$ cat start_31.cif   # mmCIF, C-alpha atoms and all ligand atoms
data_input
loop_
_atom_site.label_atom_id
_atom_site.label_comp_id
_atom_site.auth_asym_id
_atom_site.auth_seq_id
_atom_site.Cartn_x
_atom_site.Cartn_y
_atom_site.Cartn_z
CA MET A 1 -189.56 -53.87 38.86
CA PRO A 2 -188.86 -53.06 42.47
CA CYS A 3 -191.63 -53.53 44.97
CA LYS A 4 -191.70 -51.62 48.23
CA GLN A 5 -193.42 -54.27 50.31
CA ASP A 6 -191.53 -57.44 49.66
CA SER A 7 -188.27 -59.20 50.33
CA VAL A 8 -186.96 -62.51 49.04
CA ASP A 9 -184.85 -65.30 50.41
CA LEU A 10 -182.30 -65.59 47.69
CA LYS A 11 -179.70 -67.78 49.36
CA SER A 12 -180.31 -70.55 46.87
CA ILE A 13 -179.73 -68.40 43.82
CA THR A 14 -176.23 -68.48 42.41
CA LYS A 15 -174.50 -65.17 42.03
CA THR A 16 -173.01 -65.74 38.64
CA GLN A 17 -172.58 -63.18 35.94
CA LEU A 18 -174.80 -64.40 33.13
CA ARG A 19 -175.47 -63.16 29.64
CA PRO A 20 -179.23 -63.55 29.47
CA SER A 21 -179.30 -64.45 25.82
CA ASP A 22 -176.73 -66.71 24.32
CA SER A 23 -177.06 -65.82 20.70
CA ALA A 24 -179.12 -64.00 18.11
CA GLU A 25 -180.14 -67.38 16.78
CA SER A 26 -181.64 -68.55 20.06
CA PHE A 27 -183.41 -65.22 20.41
CA GLY A 28 -184.79 -65.66 16.89
CA LEU A 29 -186.32 -68.94 18.01
CA LEU A 30 -187.65 -67.29 21.13
CA ILE A 31 -189.28 -64.48 19.13
CA SER A 32 -190.96 -67.07 16.87
CA GLU A 33 -192.32 -68.75 19.97
CA ILE A 34 -193.62 -65.46 21.39
CA SER A 35 -195.09 -64.40 18.03
CA ALA A 36 -196.82 -67.76 17.78
CA GLN A 37 -198.39 -67.05 21.19
CA LEU A 38 -199.58 -63.62 20.26
CA ILE A 39 -200.39 -63.42 16.57
CA ASN A 40 -204.03 -64.23 15.91
CA CYS A 41 -204.68 -65.25 19.50
CA PRO A 42 -208.44 -65.21 20.09
CA PHE A 43 -209.85 -62.15 21.89
CA GLU A 44 -210.97 -64.12 24.94
CA LYS A 45 -207.50 -65.61 25.41
CA THR A 46 -205.39 -62.46 24.97
CA GLU A 47 -204.52 -62.17 28.67
CA GLN A 48 -203.51 -65.80 28.89
CA HIS A 49 -201.39 -65.54 25.72
CA ILE A 50 -199.55 -62.43 26.95
CA SER A 51 -198.73 -64.29 30.18
CA GLN A 52 -197.52 -67.27 28.18
CA ALA A 53 -195.38 -64.98 26.01
CA LEU A 54 -193.77 -63.52 29.16
CA ALA A 55 -193.10 -67.04 30.41
CA ALA A 56 -191.46 -67.90 27.11
CA LEU A 57 -189.34 -64.73 27.37
CA GLY A 58 -188.36 -65.53 30.95
CA HIS A 59 -187.48 -69.16 30.37
CA GLY A 60 -185.92 -68.73 26.95
CA ASP A 61 -183.85 -65.71 27.82
CA ARG A 62 -183.10 -66.72 31.43
CA LYS A 63 -184.70 -63.87 33.28
CA ASP A 64 -185.92 -63.94 36.88
CA ARG A 65 -188.96 -61.77 36.47
CA CYS A 66 -190.71 -60.53 33.32
CA TYR A 67 -193.60 -58.10 33.36
CA VAL A 68 -195.96 -55.83 31.50
CA PHE A 69 -197.10 -52.49 32.97
CA LEU A 70 -199.72 -50.15 31.56
CA PHE A 71 -199.94 -46.42 32.28
CA ASN A 72 -203.27 -44.78 32.99
CA ASP A 73 -204.50 -42.11 30.54
CA ASP A 74 -202.66 -39.14 32.07
CA TYR A 75 -199.53 -41.07 33.08
CA SER A 76 -200.12 -40.37 36.76
CA THR A 77 -200.13 -44.08 37.68
CA MET A 78 -199.05 -47.41 36.28
CA SER A 79 -200.26 -50.95 36.95
CA ASN A 80 -198.63 -54.32 36.57
CA THR A 81 -200.97 -56.28 34.28
CA HIS A 82 -198.95 -59.44 33.62
CA GLU A 83 -196.03 -61.06 35.41
CA TRP A 84 -193.92 -64.15 35.09
CA VAL A 85 -191.48 -65.13 37.85
CA ASN A 86 -188.79 -67.76 37.95
CA THR A 87 -188.82 -70.44 40.65
CA GLU A 88 -187.99 -69.06 44.10
CA ILE A 89 -188.58 -65.49 42.96
CA SER A 90 -191.48 -63.71 44.60
CA ALA A 91 -194.28 -62.23 42.53
CA HIS A 92 -195.07 -58.51 42.88
CA ILE A 93 -198.09 -58.06 40.65
CA ASP A 94 -200.62 -57.68 43.48
CA GLU A 95 -198.70 -54.87 45.16
CA LEU A 96 -197.91 -53.04 41.96
CA GLN A 97 -201.37 -51.78 41.07
CA ASP A 98 -202.02 -48.05 40.51
CA VAL A 99 -198.48 -47.14 41.49
CA PRO A 100 -198.48 -43.31 41.66
CA ARG A 101 -195.94 -41.29 39.72
CA ASP A 102 -194.56 -39.68 42.87
CA ALA A 103 -193.67 -43.11 44.28
CA MET A 104 -191.16 -43.56 41.43
CA PRO A 105 -190.57 -40.10 39.92
CA TRP A 106 -187.21 -40.82 38.31
CA PHE A 107 -188.46 -44.03 36.68
CA PHE A 108 -191.62 -42.32 35.32
CA ASP A 109 -189.63 -39.37 33.92
CA GLN A 110 -187.08 -41.62 32.30
CA MET A 111 -189.72 -43.84 30.74
CA LEU A 112 -191.82 -40.92 29.45
CA GLN A 113 -188.80 -39.07 28.04
CA GLN A 114 -186.55 -41.88 26.82
CA GLY A 115 -189.08 -44.68 26.31
CA GLN A 116 -186.87 -47.07 28.23
CA VAL A 117 -185.01 -47.67 31.47
CA VAL A 118 -181.95 -49.89 31.13
CA VAL A 119 -179.93 -50.65 34.27
CA SER A 120 -176.97 -53.00 33.92
CA SER A 121 -175.55 -52.08 37.29
CA LEU A 122 -177.06 -50.16 40.18
CA SER A 123 -173.84 -48.16 40.51
CA GLU A 124 -174.40 -46.52 37.12
CA LEU A 125 -177.68 -44.90 38.23
CA PRO A 126 -177.55 -41.09 38.60
CA PRO A 127 -178.03 -39.37 42.01
CA ALA A 128 -181.60 -38.40 41.00
CA ALA A 129 -182.46 -42.11 40.88
CA VAL A 130 -181.49 -42.76 44.50
CA GLY A 131 -184.96 -43.84 45.61
CA PHE A 132 -185.29 -46.18 42.66
CA GLN A 133 -181.79 -47.54 43.29
CA GLU A 134 -182.62 -48.28 46.95
CA GLU A 135 -185.72 -50.18 45.95
CA LEU A 136 -183.80 -52.28 43.42
CA ALA A 137 -181.16 -53.01 46.05
CA ARG A 138 -183.78 -53.97 48.63
CA GLU A 139 -185.19 -56.47 46.16
CA HIS A 140 -181.73 -57.75 45.27
CA ILE A 141 -182.33 -56.71 41.67
CA ARG A 142 -178.94 -56.04 40.16
CA SER A 143 -179.89 -55.59 36.53
CA MET A 144 -183.21 -54.62 35.01
CA MET A 145 -184.58 -53.33 31.78
CA ALA A 146 -187.96 -51.82 30.86
CA VAL A 147 -188.79 -50.95 27.26
CA GLY A 148 -191.77 -48.81 26.26
CA MET A 149 -194.73 -50.21 24.34
CA PHE A 150 -195.80 -47.61 21.78
CA LEU A 151 -198.93 -47.49 19.70
CA GLU A 152 -199.12 -44.89 16.94
CA GLY A 153 -196.48 -42.90 18.80
CA GLN A 154 -198.28 -43.07 22.12
CA LEU A 155 -196.69 -44.78 25.10
CA LEU A 156 -199.05 -47.45 26.48
CA GLY A 157 -196.77 -48.97 29.07
CA PHE A 158 -193.67 -51.13 29.05
CA VAL A 159 -192.35 -54.66 29.02
CA GLY A 160 -189.47 -55.36 31.35
CA CYS A 161 -187.40 -57.90 33.16
CA ASP A 162 -185.33 -58.19 36.36
CA LEU A 163 -182.27 -60.20 37.21
CA VAL A 164 -182.15 -61.03 40.90
CA ASN A 165 -178.78 -61.44 42.62
CA ARG A 166 -177.00 -61.51 39.31
CA GLN A 167 -175.90 -58.92 36.90
CA VAL A 168 -175.49 -58.46 33.19
CA HIS A 169 -174.22 -55.77 30.92
CA TRP A 170 -177.14 -55.18 28.58
CA SER A 171 -176.03 -54.63 24.99
CA ASP A 172 -177.83 -52.63 22.31
CA ILE A 173 -178.92 -55.94 20.86
CA ASP A 174 -180.50 -56.96 24.17
CA VAL A 175 -182.46 -53.71 24.23
CA ARG A 176 -183.51 -54.07 20.59
CA GLN A 177 -184.63 -57.62 21.23
CA MET A 178 -186.70 -56.50 24.21
CA ARG A 179 -188.18 -53.76 22.02
CA LEU A 180 -189.30 -56.44 19.57
CA VAL A 181 -191.12 -58.24 22.39
CA ALA A 182 -192.62 -54.92 23.53
CA ASP A 183 -193.87 -54.25 19.97
CA LEU A 184 -195.45 -57.69 19.74
CA ILE A 185 -197.24 -57.25 23.06
CA ALA A 186 -198.25 -53.66 22.23
CA ASN A 187 -199.82 -54.83 18.96
CA THR A 188 -201.65 -57.59 20.79
CA ILE A 189 -203.01 -55.13 23.35
CA ALA A 190 -204.01 -52.76 20.52
CA ARG A 191 -205.84 -55.59 18.74
CA GLN A 192 -207.57 -56.54 21.99
CA ARG A 193 -208.61 -52.92 22.63
CA SER A 194 -209.96 -52.34 19.14
CA GLU A 195 -211.82 -55.65 19.27
CA ALA A 196 -213.26 -54.70 22.68
CA LYS A 197 -214.31 -51.33 21.21
CA LEU A 198 -215.86 -53.06 18.22
CA ARG A 199 -217.75 -55.47 20.47
CA LYS A 200 -218.98 -52.58 22.59
CA THR A 201 -220.16 -50.70 19.50
CA GLU A 202 -221.86 -53.85 18.22
CA ALA A 203 -223.62 -54.35 21.55
CA GLU A 204 -224.75 -50.68 21.53
CA LEU A 205 -226.02 -51.05 17.98
CA ARG A 206 -227.88 -54.23 18.86
CA LEU A 207 -229.50 -52.44 21.80
CA ALA A 208 -230.37 -49.41 19.64
CA ASN A 209 -231.93 -51.72 17.04
CA GLN A 210 -233.92 -53.53 19.71
CA ARG A 211 -235.10 -50.19 21.03
CA LEU A 212 -236.05 -49.04 17.52
CA ALA A 213 -237.97 -52.27 16.92
CA GLN A 214 -239.66 -51.78 20.28
CA LEU A 215 -240.49 -48.14 19.44
CA ALA A 216 -241.96 -49.22 16.11
CA ARG A 217 -244.40 -51.40 18.08
CA GLU A 218 -245.10 -48.89 20.85
CA ASP A 219 -247.89 -46.34 21.20
CA GLY A 220 -246.31 -42.97 21.97
CA LEU A 221 -249.02 -41.71 24.34
CA THR A 222 -249.68 -44.74 26.54
CA GLY A 223 -246.56 -46.87 26.05
CA LEU A 224 -248.81 -49.81 25.15
CA VAL A 225 -248.29 -51.93 22.04
CA ASN A 226 -249.50 -50.01 18.97
CA ARG A 227 -251.67 -51.15 16.09
CA ARG A 228 -248.76 -52.69 14.20
CA GLY A 229 -247.75 -54.72 17.28
CA LEU A 230 -251.34 -55.72 17.82
CA ASP A 231 -251.66 -57.03 14.25
CA GLU A 232 -248.52 -59.16 14.76
CA ALA A 233 -249.74 -60.46 18.13
CA LEU A 234 -253.19 -61.30 16.76
CA ARG A 235 -251.72 -63.17 13.79
CA GLN A 236 -249.32 -65.14 15.98
CA GLU A 237 -251.80 -65.99 18.70
CA LEU A 238 -254.47 -66.96 16.21
CA GLN A 239 -252.03 -69.34 14.50
CA ARG A 240 -250.91 -70.80 17.83
CA ALA A 241 -254.48 -71.28 19.08
CA ARG A 242 -255.45 -72.91 15.78
CA ARG A 243 -252.41 -75.21 15.82
CA ASN A 244 -252.99 -76.31 19.42
CA ALA A 245 -256.79 -76.22 19.23
CA GLN A 246 -256.76 -73.79 22.16
CA ARG A 247 -259.07 -70.94 23.09
CA LEU A 248 -258.20 -67.37 22.24
CA THR A 249 -259.96 -64.43 23.85
CA VAL A 250 -259.79 -60.88 22.55
CA PHE A 251 -261.14 -57.82 24.37
CA MET A 252 -261.96 -54.57 22.63
CA ILE A 253 -262.37 -51.66 25.04
CA ASP A 254 -263.75 -48.31 23.91
CA VAL A 255 -263.99 -45.20 26.08
CA ASP A 256 -267.58 -43.96 26.32
CA HIS A 257 -268.47 -40.53 24.94
CA PHE A 258 -264.85 -39.63 24.73
CA LYS A 259 -265.56 -36.92 22.19
CA SER A 260 -267.57 -34.99 24.78
CA PHE A 261 -264.88 -35.63 27.42
CA ASN A 262 -262.43 -33.90 25.09
CA ASP A 263 -264.90 -31.17 24.25
CA VAL A 264 -265.55 -30.36 27.90
CA SER A 265 -262.16 -30.94 29.51
CA GLY A 266 -259.84 -30.32 26.60
CA HIS A 267 -257.43 -32.49 24.67
CA VAL A 268 -254.71 -32.51 27.33
CA ALA A 269 -257.09 -33.82 29.97
CA GLY A 270 -258.33 -36.29 27.33
CA ASP A 271 -254.76 -37.55 26.91
CA GLN A 272 -254.44 -37.94 30.70
CA ALA A 273 -257.63 -40.00 30.70
CA LEU A 274 -256.35 -42.27 27.91
CA LYS A 275 -253.13 -42.82 29.87
CA ALA A 276 -255.06 -43.54 33.06
CA VAL A 277 -257.32 -46.17 31.46
CA ALA A 278 -254.26 -47.70 29.77
CA ARG A 279 -252.68 -48.09 33.23
CA VAL A 280 -255.77 -49.93 34.44
CA PHE A 281 -255.67 -52.33 31.47
CA ARG A 282 -251.99 -53.00 32.06
CA GLN A 283 -252.65 -53.79 35.73
CA VAL A 284 -255.49 -56.18 35.03
CA PHE A 285 -253.94 -57.97 32.04
CA LYS A 286 -250.45 -58.91 33.07
CA ARG A 287 -250.34 -62.66 32.56
CA SER A 288 -247.47 -63.88 30.48
CA GLY A 289 -248.46 -63.94 26.81
CA GLU A 290 -251.12 -61.26 27.18
CA VAL A 291 -250.81 -58.25 24.89
CA VAL A 292 -252.44 -54.92 25.74
CA ALA A 293 -252.62 -52.53 22.78
CA ARG A 294 -253.97 -49.18 21.79
CA TYR A 295 -255.56 -49.60 18.40
CA GLY A 296 -255.96 -45.87 17.89
CA GLY A 297 -258.04 -42.98 19.32
CA ASP A 298 -259.99 -44.24 22.32
CA GLU A 299 -259.97 -47.91 21.25
CA PHE A 300 -257.90 -50.54 23.07
CA PHE A 301 -257.44 -54.28 22.56
CA VAL A 302 -256.26 -57.10 24.77
CA VAL A 303 -255.18 -60.44 23.36
CA SER A 304 -255.43 -63.08 26.05
CA PRO A 305 -254.54 -66.66 25.12
CA GLN A 306 -256.42 -69.46 26.87
CA CYS A 307 -258.69 -67.17 28.92
CA VAL A 308 -262.06 -68.96 29.26
CA PRO A 309 -265.32 -66.96 28.83
CA SER A 310 -266.30 -66.90 32.53
CA GLU A 311 -262.86 -65.64 33.45
CA ALA A 312 -263.01 -63.07 30.65
CA GLN A 313 -266.27 -61.68 32.04
CA GLU A 314 -264.77 -61.47 35.55
CA ARG A 315 -261.82 -59.54 34.23
CA ALA A 316 -264.06 -57.23 32.22
CA LYS A 317 -266.02 -56.54 35.41
CA LYS A 318 -262.78 -55.63 37.15
CA ILE A 319 -261.88 -53.23 34.35
CA LEU A 320 -265.26 -51.52 34.51
CA GLU A 321 -264.94 -51.06 38.29
CA CYS A 322 -261.39 -49.74 38.18
CA VAL A 323 -262.14 -47.24 35.37
CA ARG A 324 -265.18 -45.95 37.28
CA THR A 325 -262.99 -45.11 40.29
CA LEU A 326 -260.32 -43.23 38.31
CA LYS A 327 -261.96 -39.87 39.07
CA ASP A 328 -262.05 -40.70 42.82
CA THR A 329 -258.35 -41.48 42.91
CA GLY A 330 -257.67 -38.08 41.31
CA GLU A 331 -256.07 -39.54 38.18
CA ILE A 332 -258.54 -37.82 35.85
CA GLU A 333 -260.62 -34.70 36.22
CA ARG A 334 -264.00 -36.04 35.08
CA PRO A 335 -265.44 -39.55 35.41
CA VAL A 336 -265.13 -41.88 32.45
CA THR A 337 -266.50 -45.30 31.67
CA VAL A 338 -265.68 -47.86 29.04
CA SER A 339 -267.61 -50.40 26.97
CA ILE A 340 -266.03 -53.81 26.53
CA GLY A 341 -266.59 -56.34 23.76
CA ILE A 342 -265.22 -59.85 24.26
CA ALA A 343 -264.72 -62.44 21.54
CA SER A 344 -263.73 -65.87 22.81
CA LEU A 345 -263.20 -68.70 20.37
CA ILE A 346 -261.33 -71.86 19.53
CA PRO A 347 -260.36 -70.78 16.01
CA SER A 348 -261.08 -72.93 12.98
CA THR A 349 -259.16 -72.77 9.71
CA GLU A 350 -261.64 -70.18 8.40
CA ASP A 351 -261.01 -67.71 11.23
CA ASP A 352 -258.49 -64.99 10.46
CA VAL A 353 -257.55 -61.65 12.03
CA ASP A 354 -260.25 -59.77 10.11
CA SER A 355 -263.05 -62.15 11.12
CA LEU A 356 -261.84 -62.02 14.73
CA LEU A 357 -261.89 -58.21 14.68
CA ARG A 358 -265.37 -58.25 13.16
CA ILE A 359 -266.67 -60.46 16.01
CA VAL A 360 -265.12 -58.36 18.77
CA ASP A 361 -266.33 -55.15 17.11
CA GLN A 362 -269.82 -56.60 17.10
CA ALA A 363 -269.46 -57.38 20.84
CA VAL A 364 -268.47 -53.75 21.59
CA TYR A 365 -271.40 -52.55 19.54
CA GLN A 366 -273.67 -54.70 21.74
CA ALA A 367 -272.13 -53.24 24.92
CA LYS A 368 -272.64 -49.68 23.62
CA HIS A 369 -276.18 -50.61 22.63
CA HIS A 370 -276.86 -51.91 26.16
CA GLY A 371 -276.14 -48.48 27.56
CA ARG A 372 -272.29 -48.43 27.78
CA ASP A 373 -270.23 -48.99 30.98
CA CYS A 374 -270.77 -52.75 30.53
CA SER A 375 -269.38 -55.71 28.64
CA ALA A 376 -270.79 -58.09 26.03
CA LEU A 377 -269.39 -61.53 25.22
CA ILE A 378 -269.58 -63.46 21.96
CA THR A 379 -268.29 -67.03 22.08
CA VAL A 380 -267.74 -69.16 19.00
N1 LIG A 401 -257.36 -36.46 23.82
C1 LIG A 401 -257.32 -37.28 22.77
N2 LIG A 401 -258.41 -37.53 22.05
C2 LIG A 401 -258.32 -38.40 21.02
C3 LIG A 401 -257.13 -39.01 20.68
N3 LIG A 401 -257.36 -39.82 19.61
C4 LIG A 401 -258.66 -39.69 19.30
N4 LIG A 401 -259.26 -38.85 20.16
C5 LIG A 401 -260.65 -38.41 20.21
O1 LIG A 401 -261.45 -39.50 20.66
C6 LIG A 401 -262.79 -39.23 20.27
C7 LIG A 401 -263.47 -40.51 19.88
O2 LIG A 401 -264.78 -40.20 19.72
P1 LIG A 401 -265.83 -41.10 18.98
O3 LIG A 401 -265.14 -42.17 18.20
O4 LIG A 401 -266.73 -40.21 18.22
O5 LIG A 401 -266.62 -41.85 20.08
P2 LIG A 401 -267.09 -41.41 21.52
O6 LIG A 401 -267.26 -39.96 21.66
O7 LIG A 401 -266.15 -42.05 22.48
O8 LIG A 401 -268.47 -42.11 21.62
P3 LIG A 401 -268.83 -43.62 21.85
O9 LIG A 401 -267.63 -44.43 21.44
O10 LIG A 401 -269.95 -43.89 20.97
O11 LIG A 401 -269.11 -43.76 23.27
C8 LIG A 401 -262.70 -38.22 19.12
O12 LIG A 401 -263.23 -36.97 19.53
C9 LIG A 401 -261.22 -38.08 18.85
O13 LIG A 401 -260.83 -36.74 18.48
C10 LIG A 401 -255.97 -38.71 21.45
O14 LIG A 401 -254.88 -39.22 21.22
N5 LIG A 401 -256.10 -37.86 22.49
#

$ encode --input "start_31.cif" --output "structure tokens"
Amino acid sequence: MPCKQDSVDLKSITKTQLRPSDSAESFGLLISEISAQLINCPFEKTEQHISQALAALGHGDRKDRCYVFLFNDDYSTMSNTHEWVNTEISAHIDELQDVPRDAMPWFFDQMLQQGQVVVSSLSELPPAAVGFQEELAREHIRSMMAVGMFLEGQLLGFVGCDLVNRQVHWSDIDVRQMRLVADLIANTIARQRSEAKLRKTEAELRLANQRLAQLAREDGLTGLVNRRGLDEALRQELQRARRNAQRLTVFMIDVDHFKSFNDVSGHVAGDQALKAVARVFRQVFKRSGEVVARYGGDEFFVVSPQCVPSEAQERAKKILECVRTLKDTGEIERPVTVSIGIASLIPSTEDDVDSLLRIVDQAVYQAKHHGRDCSALITV
């Protein structure tokens, strides 16, 4: 392909008239080599294999430059995606990106209408191709051929070659042979595209599944882990604590007199209050491994591995303080308080999720009994 920004020192290249391919037999061998490069090449190596196939075409069929171009979706530009150049021939790939149609109108029209551009001699080009002819001449390209790559009838781009400072009369066989190479490369690109599409769909599905799994564990109102997620977390953390003989601390937090909050302020304001207290819990319990969950209604749980009792009480105090100030910060319309039960234990083989929940429920009951807006700790 001609390039508008380059010129080559071609003194060393002999100006002989060459037939690029010697025989059908040698081309047969060449095609086997190219097919071997392309058929079943792994997705990750497609680009490399197309380049190697062009190199095989260039060497085997004695070209000076072989290339692949792809059109954009509306055929307004084309880009050189792969290029092989012979020794002492300059590469053009970097300059031939997003080449607009109006830079090479005759070439674009010819390719879109005929599916190929075959130039054995510059003198045979029609007057309409004058710009194209000048570019070829400037690059010392005396013969060139570009053959369309079609997929299900749609033109993707083309495979082509240049002869620099030498000329050949392309025969029908030459064009057919180039078409074979174009078909092989087109099929490889199609395979790569459908594999890329498949991988993209797979990645989207994986993400959607992750999101679904996440949603199945998420409380719709507060965004905290829901009861199902809490059950899983409790089971896992209990097992881990038992295995490693480590402490496990569980907080149960219940909003005080929430029924009357709802009755006075309405359900919507009640929802706002639940969201606001959930935000407080999330801010206080954000160590790695801690799970903050809404069990249901106005009941929340926090699973906190390795939190020692004194620390647990400090953190409960912080929760109580922050919830008390929610009205002052304007996050809720009436003051609320919470009661906190804390169960902290190094679990034995007898302890299971139910017994743990019983202990923490007992602790909340104690906090409510002590007048609410306070915490109670049970250690085992
Ligand atoms: N706004 C709102 N209210 C809820 C939601 N889920 C449960 N509730 C209400 O939460 C209230 C819980 O009240 P109770 O369990 O009777 O306890 P309480 O009034 O908080 O009293 P104590 O726990 O004894 O302090 C009930 O009135 C439920 O209708 C919710 O998603 N949004």

$ closest_residue --input "start_31.cif" --among "A:Asn209, A:Thr249, A:Gln236, A:Ser310" --to "Ile342 in chain A" --atoms "all atoms listed in the file"
A:Thr249

$ closest_residue --input "start_31.cif" --among "A:Arg243, A:Arg287, A:Lys275, A:Arg211" --to "ligand LIG 401 (chain A)" --atoms "only C-alpha atoms and all ligand atoms"
A:Lys275

$ residues_around --input "start_31.cif" --residues "Val147 in chain A" --least-positions-apart "2" --cutoff "9 Å" --atoms "all atoms listed in the file" --output "PyMOL selection string"
chain A and resi 111+115-118+145+149+157-160+175+178-179+182

$ write_last_selection --input "start_31.cif" --atoms "C-alpha atoms" --output "short mmCIF file (atom, residue, chain, number, x, y, z; two decimals), keeping the file's coordinate frame"
data_model
loop_
_atom_site.label_atom_id
_atom_site.label_comp_id
_atom_site.auth_asym_id
_atom_site.auth_seq_id
_atom_site.Cartn_x
_atom_site.Cartn_y
_atom_site.Cartn_z
CA MET A 111 -189.72 -43.84 30.74
CA GLY A 115 -189.08 -44.68 26.31
CA GLN A 116 -186.87 -47.07 28.23
CA VAL A 117 -185.01 -47.67 31.47
CA VAL A 118 -181.95 -49.89 31.13
CA MET A 145 -184.58 -53.33 31.78
CA MET A 149 -194.73 -50.21 24.34
CA GLY A 157 -196.77 -48.97 29.07
CA PHE A 158 -193.67 -51.13 29.05
CA VAL A 159 -192.35 -54.66 29.02
CA GLY A 160 -189.47 -55.36 31.35
CA VAL A 175 -182.46 -53.71 24.23
CA MET A 178 -186.70 -56.50 24.21
CA ARG A 179 -188.18 -53.76 22.02
CA ALA A 182 -192.62 -54.92 23.53
#

$ residues_near_ligand --input "start_31.cif" --ligand "ligand LIG 401 (chain A)" --cutoff "9 Å" --atoms "all atoms listed in the file" --output "PyMOL selection string"
chain A and resi 221+254-263+266-274+296-299+337-339+365+368+372

$ residues_near_point --input "start_31.cif" --point "(-264.7, -60.2, 12.7)" --cutoff "12 Å" --atoms "only C-alpha atoms" --output "list of chain:residue names"
A:Val250, A:Met252, A:Gly341, A:Ile342, A:Ala343, A:Ser344, A:Leu345, A:Pro347, A:Glu350, A:Asp351, A:Asp352, A:Val353, A:Asp354, A:Ser355, A:Leu356, A:Leu357, A:Arg358, A:Ile359, A:Val360, A:Asp361, A:Gln362, A:Ala363, A:Val364, A:Ile378, A:Val380

$ write_last_selection --input "start_31.cif" --atoms "C-alpha atoms" --output "mmCIF file, keeping the file's coordinate frame"
data_model
loop_
_atom_site.group_PDB
_atom_site.id
_atom_site.type_symbol
_atom_site.label_atom_id
_atom_site.label_comp_id
_atom_site.auth_asym_id
_atom_site.auth_seq_id
_atom_site.Cartn_x
_atom_site.Cartn_y
_atom_site.Cartn_z
ATOM 1 C CA VAL A 250 -259.790 -60.880 22.550
ATOM 2 C CA MET A 252 -261.960 -54.570 22.630
ATOM 3 C CA GLY A 341 -266.590 -56.340 23.760
ATOM 4 C CA ILE A 342 -265.220 -59.850 24.260
ATOM 5 C CA ALA A 343 -264.720 -62.440 21.540
ATOM 6 C CA SER A 344 -263.730 -65.870 22.810
ATOM 7 C CA LEU A 345 -263.200 -68.700 20.370
ATOM 8 C CA PRO A 347 -260.360 -70.780 16.010
ATOM 9 C CA GLU A 350 -261.640 -70.180 8.400
ATOM 10 C CA ASP A 351 -261.010 -67.710 11.230
ATOM 11 C CA ASP A 352 -258.490 -64.990 10.460
ATOM 12 C CA VAL A 353 -257.550 -61.650 12.030
ATOM 13 C CA ASP A 354 -260.250 -59.770 10.110
ATOM 14 C CA SER A 355 -263.050 -62.150 11.120
ATOM 15 C CA LEU A 356 -261.840 -62.020 14.730
ATOM 16 C CA LEU A 357 -261.890 -58.210 14.680
ATOM 17 C CA ARG A 358 -265.370 -58.250 13.160
ATOM 18 C CA ILE A 359 -266.670 -60.460 16.010
ATOM 19 C CA VAL A 360 -265.120 -58.360 18.770
ATOM 20 C CA ASP A 361 -266.330 -55.150 17.110
ATOM 21 C CA GLN A 362 -269.820 -56.600 17.100
ATOM 22 C CA ALA A 363 -269.460 -57.380 20.840
ATOM 23 C CA VAL A 364 -268.470 -53.750 21.590
ATOM 24 C CA ILE A 378 -269.580 -63.460 21.960
ATOM 25 C CA VAL A 380 -267.740 -69.160 19.000
#

$ atom_distance --input "start_31.cif" --atom1 "CA of Asp98 in chain A" --atom2 "CA of Leu155 in chain A"
16.6 Å

$ atom_distance --input "start_31.cif" --atom1 "CA of Gln114 in chain A" --atom2 "CA of Gln52 in chain A"
27.7 Å

$ atom_distance --input "start_31.cif" --atom1 "CA of Leu30 in chain A" --atom2 "CA of Ile185 in chain A"
14.0 Å

$ closest_atom_pairs --input "start_31.cif" --of "range 106-215 of chain A" --to "range 223-235 of chain A" --cutoff "12 Å" --atoms "all atoms listed in the file" --output "JSON lines"
{"residue": "A:Ala213", "atom": "CA", "partner": "A:Gly229", "partner_atom": "CA", "distance": 10.1}
{"residue": "A:Gln214", "atom": "CA", "partner": "A:Val225", "partner_atom": "CA", "distance": 8.8}
{"residue": "A:Leu215", "atom": "CA", "partner": "A:Val225", "partner_atom": "CA", "distance": 9.1}

$ closest_residue --input "start_31.cif" --among "A:Asp219, A:Leu184, A:Arg65, A:Phe251" --to "Asn165 in chain A" --atoms "all atoms listed in the file"
A:Arg65

$ closest_residue --input "start_31.cif" --among "A:Leu122, A:Val336, A:Ile141, A:Leu207" --to "Glu321 in chain A" --atoms "all atoms listed in the file"
A:Val336

$ closest_residue --input "start_31.cif" --among "A:Phe301, A:Trp106, A:Tyr67, A:Phe150" --to "Asp162 in chain A" --atoms "all atoms listed in the file"
A:Tyr67

$ residues_near_point --input "start_31.cif" --point "(-203.2, -49.2, 31.1)" --cutoff "9 Å" --atoms "all atoms listed in the file" --output "PyMOL selection string"
chain A and resi 69-73+77-81+156-157

$ axis_aligned_box --input "start_31.cif" --around "range 171-176 of chain A" --padding-each-side "6 Å" --output "lines of an AutoDock Vina configuration file"
center_x = -179.8
center_y = -54.8
center_z = 22.8
size_x = 19.5
size_y = 16.3
size_z = 16.4

$ closest_residue --input "start_31.cif" --among "A:Arg294, A:Arg279, A:Arg199, A:Arg240" --to "Val323 in chain A" --atoms "only C-alpha atoms"
A:Arg279
